[in-house]
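*Asks:* As input, take input22.tsv (TSV, N, CA, C and O atoms):
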```
chain	number	residue	atom	x	y	z
A	1	MET	N	0.85	-1.18	0.00
A	1	MET	CA	0.00	0.00	0.00
A	1	MET	C	0.89	1.23	0.00
A	1	MET	O	1.88	1.29	0.70
A	2	ALA	N	0.51	2.24	-0.77
A	2	ALA	CA	1.30	3.47	-0.88
A	2	ALA	C	1.06	4.35	0.34
A	2	ALA	O	-0.01	4.39	0.91
A	3	ALA	N	2.11	5.04	0.73
A	3	ALA	CA	2.02	5.96	1.86
A	3	ALA	C	1.21	7.19	1.44
A	3	ALA	O	1.14	7.53	0.26
A	4	LEU	N	0.60	7.85	2.41
A	4	LEU	CA	-0.15	9.07	2.13
A	4	LEU	C	0.74	10.10	1.47
A	4	LEU	O	1.89	10.28	1.85
A	5	GLY	N	0.26	10.76	0.49
A	5	GLY	CA	1.01	11.81	-0.18
A	5	GLY	C	1.91	11.30	-1.30
A	5	GLY	O	2.43	12.10	-2.05
A	6	SER	N	2.12	10.01	-1.39
A	6	SER	CA	2.95	9.52	-2.49
A	6	SER	C	2.11	9.42	-3.76
A	6	SER	O	0.89	9.30	-3.71
A	7	HIS	N	2.78	9.50	-4.87
A	7	HIS	CA	2.08	9.48	-6.16
A	7	HIS	C	1.98	8.05	-6.66
A	7	HIS	O	2.97	7.35	-6.76
A	8	VAL	N	0.78	7.63	-6.96
A	8	VAL	CA	0.55	6.30	-7.51
A	8	VAL	C	0.00	6.48	-8.92
A	8	VAL	O	-1.01	7.15	-9.11
A	9	ARG	N	0.67	5.91	-9.90
A	9	ARG	CA	0.20	6.00	-11.29
A	9	ARG	C	-1.00	5.12	-11.52
A	9	ARG	O	-1.02	3.98	-11.08
A	10	ARG	N	-1.96	5.67	-12.21
A	10	ARG	CA	-3.11	4.87	-12.62
A	10	ARG	C	-2.72	4.06	-13.85
A	10	ARG	O	-1.93	4.52	-14.65
A	11	PRO	N	-3.31	2.89	-14.00
A	11	PRO	CA	-3.04	2.14	-15.23
A	11	PRO	C	-3.56	2.92	-16.43
A	11	PRO	O	-4.60	3.57	-16.35
A	12	ARG	N	-2.84	2.86	-17.51
A	12	ARG	CA	-3.25	3.57	-18.72
A	12	ARG	C	-4.40	2.82	-19.38
A	12	ARG	O	-4.34	1.61	-19.54
A	13	ARG	N	-5.42	3.54	-19.77
A	13	ARG	CA	-6.55	2.90	-20.45
A	13	ARG	C	-6.54	3.28	-21.91
A	13	ARG	O	-5.94	4.26	-22.31
A	14	ALA	N	-7.21	2.49	-22.69
A	14	ALA	CA	-7.27	2.73	-24.13
A	14	ALA	C	-7.95	4.07	-24.40
A	14	ALA	O	-8.81	4.50	-23.66
A	15	SER	N	-7.54	4.70	-25.48
A	15	SER	CA	-8.16	5.96	-25.84
A	15	SER	C	-9.58	5.70	-26.35
A	15	SER	O	-9.92	4.61	-26.76
A	16	GLY	N	-10.39	6.71	-26.31
A	16	GLY	CA	-11.77	6.58	-26.76
A	16	GLY	C	-12.71	7.24	-25.78
A	16	GLY	O	-12.29	7.96	-24.87
A	17	THR	N	-13.96	6.98	-25.93
A	17	THR	CA	-14.97	7.56	-25.07
A	17	THR	C	-15.38	6.56	-24.00
A	17	THR	O	-15.70	5.43	-24.31
A	18	ARG	N	-15.34	7.00	-22.77
A	18	ARG	CA	-15.80	6.15	-21.68
A	18	ARG	C	-17.32	6.19	-21.69
A	18	ARG	O	-17.92	7.25	-21.84
A	19	CYS	N	-17.94	5.05	-21.54
A	19	CYS	CA	-19.37	5.01	-21.78
A	19	CYS	C	-20.06	3.98	-20.87
A	19	CYS	O	-19.60	2.87	-20.73
A	20	ASN	N	-21.19	4.39	-20.28
A	20	ASN	CA	-22.03	3.44	-19.57
A	20	ASN	C	-23.27	3.20	-20.42
A	20	ASN	O	-23.44	3.76	-21.49
A	21	ARG	N	-24.15	2.34	-19.95
A	21	ARG	CA	-25.33	1.97	-20.74
A	21	ARG	C	-26.21	3.18	-21.07
A	21	ARG	O	-26.68	3.34	-22.17
A	22	TRP	N	-26.43	4.03	-20.07
A	22	TRP	CA	-27.28	5.20	-20.25
A	22	TRP	C	-26.68	6.12	-21.31
A	22	TRP	O	-27.38	6.59	-22.22
A	23	ARG	N	-25.40	6.39	-21.22
A	23	ARG	CA	-24.75	7.29	-22.17
A	23	ARG	C	-24.75	6.67	-23.58
A	23	ARG	O	-24.97	7.37	-24.56
A	24	PHE	N	-24.51	5.38	-23.67
A	24	PHE	CA	-24.52	4.73	-24.98
A	24	PHE	C	-25.89	4.84	-25.62
A	24	PHE	O	-26.02	5.14	-26.80
A	25	ARG	N	-26.94	4.62	-24.83
A	25	ARG	CA	-28.31	4.74	-25.35
A	25	ARG	C	-28.56	6.14	-25.89
A	25	ARG	O	-29.13	6.31	-26.96
A	26	LEU	N	-28.10	7.16	-25.16
A	26	LEU	CA	-28.27	8.54	-25.62
A	26	LEU	C	-27.50	8.78	-26.92
A	26	LEU	O	-27.99	9.47	-27.82
A	27	MET	N	-26.31	8.19	-27.03
A	27	MET	CA	-25.52	8.34	-28.25
A	27	MET	C	-26.24	7.70	-29.45
A	27	MET	O	-26.25	8.26	-30.54
A	28	VAL	N	-26.85	6.54	-29.24
A	28	VAL	CA	-27.60	5.88	-30.31
A	28	VAL	C	-28.82	6.71	-30.70
A	28	VAL	O	-29.09	6.92	-31.89
A	29	GLU	N	-29.54	7.23	-29.71
A	29	GLU	CA	-30.71	8.07	-30.00
A	29	GLU	C	-30.30	9.33	-30.77
A	29	GLU	O	-30.98	9.72	-31.72
A	30	ASP	N	-29.20	9.95	-30.37
A	30	ASP	CA	-28.71	11.14	-31.08
A	30	ASP	C	-28.35	10.79	-32.52
A	30	ASP	O	-28.66	11.55	-33.45
A	31	ALA	N	-27.68	9.66	-32.71
A	31	ALA	CA	-27.29	9.25	-34.06
A	31	ALA	C	-28.52	9.02	-34.93
A	31	ALA	O	-28.54	9.41	-36.10
A	32	CYS	N	-29.56	8.43	-34.37
A	32	CYS	CA	-30.80	8.20	-35.13
A	32	CYS	C	-31.47	9.52	-35.49
A	32	CYS	O	-31.97	9.70	-36.60
A	33	ARG	N	-31.45	10.47	-34.56
A	33	ARG	CA	-32.04	11.78	-34.81
A	33	ARG	C	-31.28	12.55	-35.90
A	33	ARG	O	-31.86	13.34	-36.64
A	34	LEU	N	-29.99	12.30	-36.00
A	34	LEU	CA	-29.16	13.02	-36.96
A	34	LEU	C	-29.14	12.39	-38.35
A	34	LEU	O	-28.52	12.93	-39.27
A	35	LEU	N	-29.81	11.24	-38.50
A	35	LEU	CA	-29.88	10.61	-39.82
A	35	LEU	C	-30.63	11.53	-40.79
A	35	LEU	O	-31.57	12.22	-40.39
A	36	PRO	N	-30.24	11.54	-42.05
A	36	PRO	CA	-31.00	12.32	-43.03
A	36	PRO	C	-32.46	11.85	-43.06
A	36	PRO	O	-32.75	10.68	-42.81
A	37	ALA	N	-33.36	12.75	-43.40
A	37	ALA	CA	-34.80	12.47	-43.38
A	37	ALA	C	-35.16	11.25	-44.21
A	37	ALA	O	-36.00	10.44	-43.79
A	38	GLU	N	-34.52	11.06	-45.36
A	38	GLU	CA	-34.87	9.92	-46.21
A	38	GLU	C	-34.59	8.59	-45.51
A	38	GLU	O	-35.32	7.62	-45.71
A	39	PHE	N	-33.57	8.53	-44.66
A	39	PHE	CA	-33.27	7.29	-43.93
A	39	PHE	C	-34.18	7.14	-42.72
A	39	PHE	O	-34.61	6.03	-42.41
A	40	ARG	N	-34.48	8.24	-42.04
A	40	ARG	CA	-35.40	8.17	-40.89
A	40	ARG	C	-36.77	7.67	-41.34
A	40	ARG	O	-37.40	6.88	-40.66
A	41	GLU	N	-37.23	8.14	-42.49
A	41	GLU	CA	-38.53	7.71	-43.01
A	41	GLU	C	-38.54	6.23	-43.35
A	41	GLU	O	-39.56	5.55	-43.20
A	42	ALA	N	-37.41	5.70	-43.80
A	42	ALA	CA	-37.31	4.27	-44.14
A	42	ALA	C	-37.32	3.40	-42.89
A	42	ALA	O	-37.51	2.19	-42.98
A	43	LEU	N	-37.13	4.00	-41.72
A	43	LEU	CA	-37.13	3.24	-40.46
A	43	LEU	C	-38.52	3.08	-39.87
A	43	LEU	O	-38.68	2.68	-38.73
A	44	ASP	N	-39.55	3.37	-40.66
A	44	ASP	CA	-40.92	3.19	-40.19
A	44	ASP	C	-41.16	1.71	-39.91
A	44	ASP	O	-40.78	0.85	-40.71
A	45	ASN	N	-41.74	1.39	-38.78
A	45	ASN	CA	-42.04	0.02	-38.37
A	45	ASN	C	-40.75	-0.80	-38.17
A	45	ASN	O	-40.67	-1.96	-38.55
A	46	VAL	N	-39.74	-0.15	-37.58
A	46	VAL	CA	-38.48	-0.82	-37.24
A	46	VAL	C	-38.20	-0.59	-35.77
A	46	VAL	O	-38.22	0.54	-35.29
A	47	ALA	N	-37.96	-1.67	-35.04
A	47	ALA	CA	-37.62	-1.58	-33.62
A	47	ALA	C	-36.09	-1.53	-33.50
A	47	ALA	O	-35.39	-2.29	-34.15
A	48	LEU	N	-35.60	-0.64	-32.66
A	48	LEU	CA	-34.17	-0.53	-32.42
A	48	LEU	C	-33.89	-1.00	-31.00
A	48	LEU	O	-34.49	-0.48	-30.05
A	49	THR	N	-33.04	-2.01	-30.85
A	49	THR	CA	-32.72	-2.52	-29.53
A	49	THR	C	-31.21	-2.43	-29.30
A	49	THR	O	-30.42	-2.46	-30.24
A	50	ILE	N	-30.85	-2.31	-28.03
A	50	ILE	CA	-29.44	-2.24	-27.65
A	50	ILE	C	-29.17	-3.39	-26.71
A	50	ILE	O	-29.88	-3.57	-25.72
A	51	GLN	N	-28.16	-4.19	-27.04
A	51	GLN	CA	-27.80	-5.34	-26.20
A	51	GLN	C	-26.34	-5.24	-25.79
A	51	GLN	O	-25.52	-4.68	-26.52
A	52	ASP	N	-26.02	-5.80	-24.64
A	52	ASP	CA	-24.64	-5.81	-24.16
A	52	ASP	C	-23.75	-6.73	-24.98
A	52	ASP	O	-22.57	-6.45	-25.16
A	53	ASN	N	-24.30	-7.81	-25.45
A	53	ASN	CA	-23.52	-8.81	-26.19
A	53	ASN	C	-24.12	-9.01	-27.57
A	53	ASN	O	-25.32	-8.86	-27.76
A	54	PRO	N	-23.29	-9.38	-28.54
A	54	PRO	CA	-23.81	-9.61	-29.89
A	54	PRO	C	-24.74	-10.82	-29.94
A	54	PRO	O	-24.64	-11.72	-29.10
A	55	PRO	N	-25.64	-10.85	-30.91
A	55	PRO	CA	-26.53	-12.01	-31.06
A	55	PRO	C	-25.72	-13.28	-31.33
A	55	PRO	O	-24.60	-13.20	-31.84
A	56	PRO	N	-26.25	-14.43	-30.98
A	56	PRO	CA	-25.54	-15.69	-31.23
A	56	PRO	C	-25.13	-15.82	-32.70
A	56	PRO	O	-25.88	-15.47	-33.59
A	57	GLY	N	-23.91	-16.26	-32.90
A	57	GLY	CA	-23.39	-16.42	-34.24
A	57	GLY	C	-22.62	-15.21	-34.74
A	57	GLY	O	-21.87	-15.30	-35.70
A	58	LEU	N	-22.80	-14.06	-34.09
A	58	LEU	CA	-22.07	-12.86	-34.51
A	58	LEU	C	-20.98	-12.47	-33.53
A	58	LEU	O	-20.32	-11.46	-33.72
A	59	ASP	N	-20.80	-13.25	-32.48
A	59	ASP	CA	-19.82	-12.87	-31.47
A	59	ASP	C	-18.39	-12.92	-31.99
A	59	ASP	O	-17.50	-12.31	-31.42
A	60	ASP	N	-18.12	-13.64	-33.08
A	60	ASP	CA	-16.79	-13.69	-33.65
A	60	ASP	C	-16.63	-12.76	-34.86
A	60	ASP	O	-15.53	-12.65	-35.40
A	61	ALA	N	-17.70	-12.11	-35.28
A	61	ALA	CA	-17.65	-11.25	-36.47
A	61	ALA	C	-17.02	-9.91	-36.10
A	61	ALA	O	-17.60	-9.14	-35.36
A	62	GLU	N	-15.84	-9.65	-36.62
A	62	GLU	CA	-15.16	-8.40	-36.32
A	62	GLU	C	-15.74	-7.26	-37.13
A	62	GLU	O	-16.05	-7.41	-38.30
A	63	GLY	N	-15.90	-6.13	-36.50
A	63	GLY	CA	-16.36	-4.94	-37.20
A	63	GLY	C	-17.87	-4.82	-37.34
A	63	GLY	O	-18.36	-3.83	-37.85
A	64	VAL	N	-18.62	-5.81	-36.88
A	64	VAL	CA	-20.08	-5.75	-36.98
A	64	VAL	C	-20.60	-4.91	-35.81
A	64	VAL	O	-20.37	-5.23	-34.65
A	65	LEU	N	-21.29	-3.82	-36.12
A	65	LEU	CA	-21.79	-2.92	-35.09
A	65	LEU	C	-23.29	-3.03	-34.89
A	65	LEU	O	-23.83	-2.55	-33.91
A	66	GLY	N	-23.97	-3.65	-35.85
A	66	GLY	CA	-25.41	-3.79	-35.75
A	66	GLY	C	-25.87	-4.99	-36.55
A	66	GLY	O	-25.15	-5.52	-37.39
A	67	TYR	N	-27.10	-5.43	-36.25
A	67	TYR	CA	-27.63	-6.63	-36.88
A	67	TYR	C	-29.09	-6.37	-37.24
A	67	TYR	O	-29.89	-5.97	-36.40
A	68	TYR	N	-29.43	-6.56	-38.51
A	68	TYR	CA	-30.80	-6.33	-39.00
A	68	TYR	C	-31.53	-7.66	-39.11
A	68	TYR	O	-31.01	-8.61	-39.68
A	69	GLN	N	-32.74	-7.70	-38.59
A	69	GLN	CA	-33.61	-8.87	-38.73
A	69	GLN	C	-34.93	-8.39	-39.32
A	69	GLN	O	-35.58	-7.52	-38.74
A	70	GLY	N	-35.29	-8.94	-40.45
A	70	GLY	CA	-36.55	-8.55	-41.07
A	70	GLY	C	-36.51	-8.78	-42.56
A	70	GLY	O	-35.63	-9.45	-43.08
A	71	ILE	N	-37.47	-8.20	-43.23
A	71	ILE	CA	-37.58	-8.32	-44.68
A	71	ILE	C	-37.19	-6.97	-45.28
A	71	ILE	O	-37.85	-5.96	-45.01
A	72	PRO	N	-36.14	-6.93	-46.10
A	72	PRO	CA	-35.72	-5.65	-46.70
A	72	PRO	C	-36.85	-5.03	-47.54
A	72	PRO	O	-37.69	-5.74	-48.10
A	73	LEU	N	-36.84	-3.71	-47.62
A	73	LEU	CA	-37.88	-2.99	-48.38
A	73	LEU	C	-37.97	-3.48	-49.82
A	73	LEU	O	-39.06	-3.57	-50.39
A	74	THR	N	-36.83	-3.81	-50.40
A	74	THR	CA	-36.82	-4.24	-51.80
A	74	THR	C	-37.45	-5.61	-52.02
A	74	THR	O	-37.74	-5.98	-53.15
A	75	GLU	N	-37.65	-6.37	-50.95
A	75	GLU	CA	-38.21	-7.72	-51.07
A	75	GLU	C	-39.65	-7.82	-50.58
A	75	GLU	O	-40.23	-8.90	-50.56
A	76	ARG	N	-40.23	-6.71	-50.18
A	76	ARG	CA	-41.60	-6.73	-49.67
A	76	ARG	C	-42.58	-6.66	-50.83
A	76	ARG	O	-42.44	-5.85	-51.73
A	77	GLY	N	-43.57	-7.51	-50.77
A	77	GLY	CA	-44.60	-7.52	-51.81
A	77	GLY	C	-45.87	-6.85	-51.33
A	77	GLY	O	-45.92	-6.26	-50.25
A	78	THR	N	-46.92	-7.02	-52.10
A	78	THR	CA	-48.21	-6.42	-51.76
A	78	THR	C	-48.85	-7.08	-50.54
A	78	THR	O	-49.67	-6.48	-49.87
A	79	GLY	N	-48.45	-8.32	-50.24
A	79	GLY	CA	-49.01	-9.02	-49.09
A	79	GLY	C	-48.29	-8.71	-47.78
A	79	GLY	O	-48.57	-9.32	-46.76
A	80	TYR	N	-47.39	-7.75	-47.80
A	80	TYR	CA	-46.63	-7.41	-46.59
A	80	TYR	C	-47.46	-6.47	-45.73
A	80	TYR	O	-47.35	-5.24	-45.80
A	81	THR	N	-48.34	-7.06	-44.91
A	81	THR	CA	-49.19	-6.27	-44.01
A	81	THR	C	-49.33	-7.02	-42.70
A	81	THR	O	-49.12	-8.23	-42.61
A	82	MET	N	-49.66	-6.28	-41.67
A	82	MET	CA	-49.93	-6.85	-40.34
A	82	MET	C	-48.77	-7.74	-39.86
A	82	MET	O	-48.99	-8.86	-39.40
A	83	VAL	N	-47.56	-7.26	-39.97
A	83	VAL	CA	-46.38	-8.03	-39.54
A	83	VAL	C	-45.72	-7.29	-38.38
A	83	VAL	O	-45.88	-6.09	-38.20
A	84	LEU	N	-44.97	-8.05	-37.60
A	84	LEU	CA	-44.19	-7.43	-36.53
A	84	LEU	C	-43.13	-6.53	-37.13
A	84	LEU	O	-42.69	-6.74	-38.27
A	85	PRO	N	-42.67	-5.53	-36.40
A	85	PRO	CA	-41.64	-4.64	-36.96
A	85	PRO	C	-40.32	-5.37	-37.19
A	85	PRO	O	-40.01	-6.34	-36.51
A	86	ASP	N	-39.59	-4.89	-38.19
A	86	ASP	CA	-38.23	-5.36	-38.36
A	86	ASP	C	-37.44	-4.91	-37.14
A	86	ASP	O	-37.88	-4.05	-36.38
A	87	LYS	N	-36.25	-5.44	-36.98
A	87	LYS	CA	-35.49	-5.16	-35.76
A	87	LYS	C	-34.03	-4.91	-36.10
A	87	LYS	O	-33.42	-5.66	-36.87
A	88	ILE	N	-33.49	-3.84	-35.53
A	88	ILE	CA	-32.05	-3.57	-35.62
A	88	ILE	C	-31.50	-3.67	-34.21
A	88	ILE	O	-31.96	-2.99	-33.30
A	89	THR	N	-30.52	-4.55	-34.04
A	89	THR	CA	-29.88	-4.73	-32.73
A	89	THR	C	-28.50	-4.10	-32.78
A	89	THR	O	-27.71	-4.42	-33.67
A	90	ILE	N	-28.23	-3.24	-31.84
A	90	ILE	CA	-26.92	-2.61	-31.73
A	90	ILE	C	-26.27	-3.09	-30.45
A	90	ILE	O	-26.90	-3.16	-29.42
```
Can the structure from this file be put into structure tokens for me?
*Replies:*
Amino acid sequence: MAALGSHVRRPRRASGTRCNRWRFRLMVEDACRLLPAEFREALDNVALTIQDNPPPGLDDAEGVLGYYQGIPLTERGTGYTMVLPDKITI
């Protein structure tokens, strides 16, 4: 144990933004708000969720920041009604 008044170096941490769950959620909400209008409009009927860990099967995928589950707009037909929202997991 260090004596009172002596200087103890803190371990060096990686550069970047320190973030807790609440702050991360606010950052995601801000990013969604800052999306251009054409992209925000395309997010109609899309649920956005935030998870601590990646979905099963993606835990080894490097560089993946989000995961989309649903039917892309380009593949929806005339019978695409009364369905649960698509989901983006971050």
*Asks:* Measuring atom to atom with only C-alpha atoms, identify which of A:Val64, A:Ala31, A:Ile88, A:Cys19 is nearest to Ile50 of chain A.
*Replies:*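 Comparing A:Val64, A:Ala31, A:Ile88, A:Cys19 against Ile50 of chain A, the winner is A:Ile88.
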*Asks:* Which residue, A:Arg76, A:Thr49, A:Tyr68, A:Gly63, has the smallest gap to Val28 of chain A when you use only C-alpha atoms?
*Replies:*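 Nearest candidate to Val28 of chain A out of A:Arg76, A:Thr49, A:Tyr68, A:Gly63: A:Thr49.
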*Asks:* If you measure from atom C of Pro55 of chain A to atom N of Gln69 of chain A, what distance in Å do you get, rounded to one decimal?
*Replies:*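 According to the coordinates, atom C of Pro55 of chain A and atom N of Gln69 of chain A are separated by 11.5 Å.
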*Asks:* Distance atom CA of Gly70 of chain A-atom CA of Arg23 of chain A, one decimal place?
*Replies:*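 Taking atom CA of Gly70 of chain A as the start and atom CA of Arg23 of chain A as the end point, the length is 27.3 Å.
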*Asks:* Which one is closest to Lys87 of chain A: A:Leu48, A:Leu35, A:Ala42, A:Leu26? Count all atoms listed in the file.
*Replies:*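 Closest candidate: A:Leu48.
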*Asks:* At a cut-off of 4.5 Å, using all atoms listed in the file, what residues contact Asn45 of chain A? Leave out same-chain residues fewer than 2 positions from it and give the result as a list in words.
*Replies:* Leu43, Ala47, Pro85 and Asp86 of chain A
*Asks:* Output N, CA, C and O atoms for every residue in the selection just made, as a compact mmCIF listing (two decimals), in the coordinates of the input.
*Replies:*
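Written output follows (selection-v3.txt):
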```txt
# COMPACT_ATOMS: atom_id res chain seq x y z
N LEU A 43 -37.13 4.00 -41.72
CA LEU A 43 -37.13 3.24 -40.46
C LEU A 43 -38.52 3.08 -39.87
O LEU A 43 -38.68 2.68 -38.73
N ALA A 47 -37.96 -1.67 -35.04
CA ALA A 47 -37.62 -1.58 -33.62
C ALA A 47 -36.09 -1.53 -33.50
O ALA A 47 -35.39 -2.29 -34.15
N PRO A 85 -42.67 -5.53 -36.40
CA PRO A 85 -41.64 -4.64 -36.96
C PRO A 85 -40.32 -5.37 -37.19
O PRO A 85 -40.01 -6.34 -36.51
N ASP A 86 -39.59 -4.89 -38.19
CA ASP A 86 -38.23 -5.36 -38.36
C ASP A 86 -37.44 -4.91 -37.14
O ASP A 86 -37.88 -4.05 -36.38
```
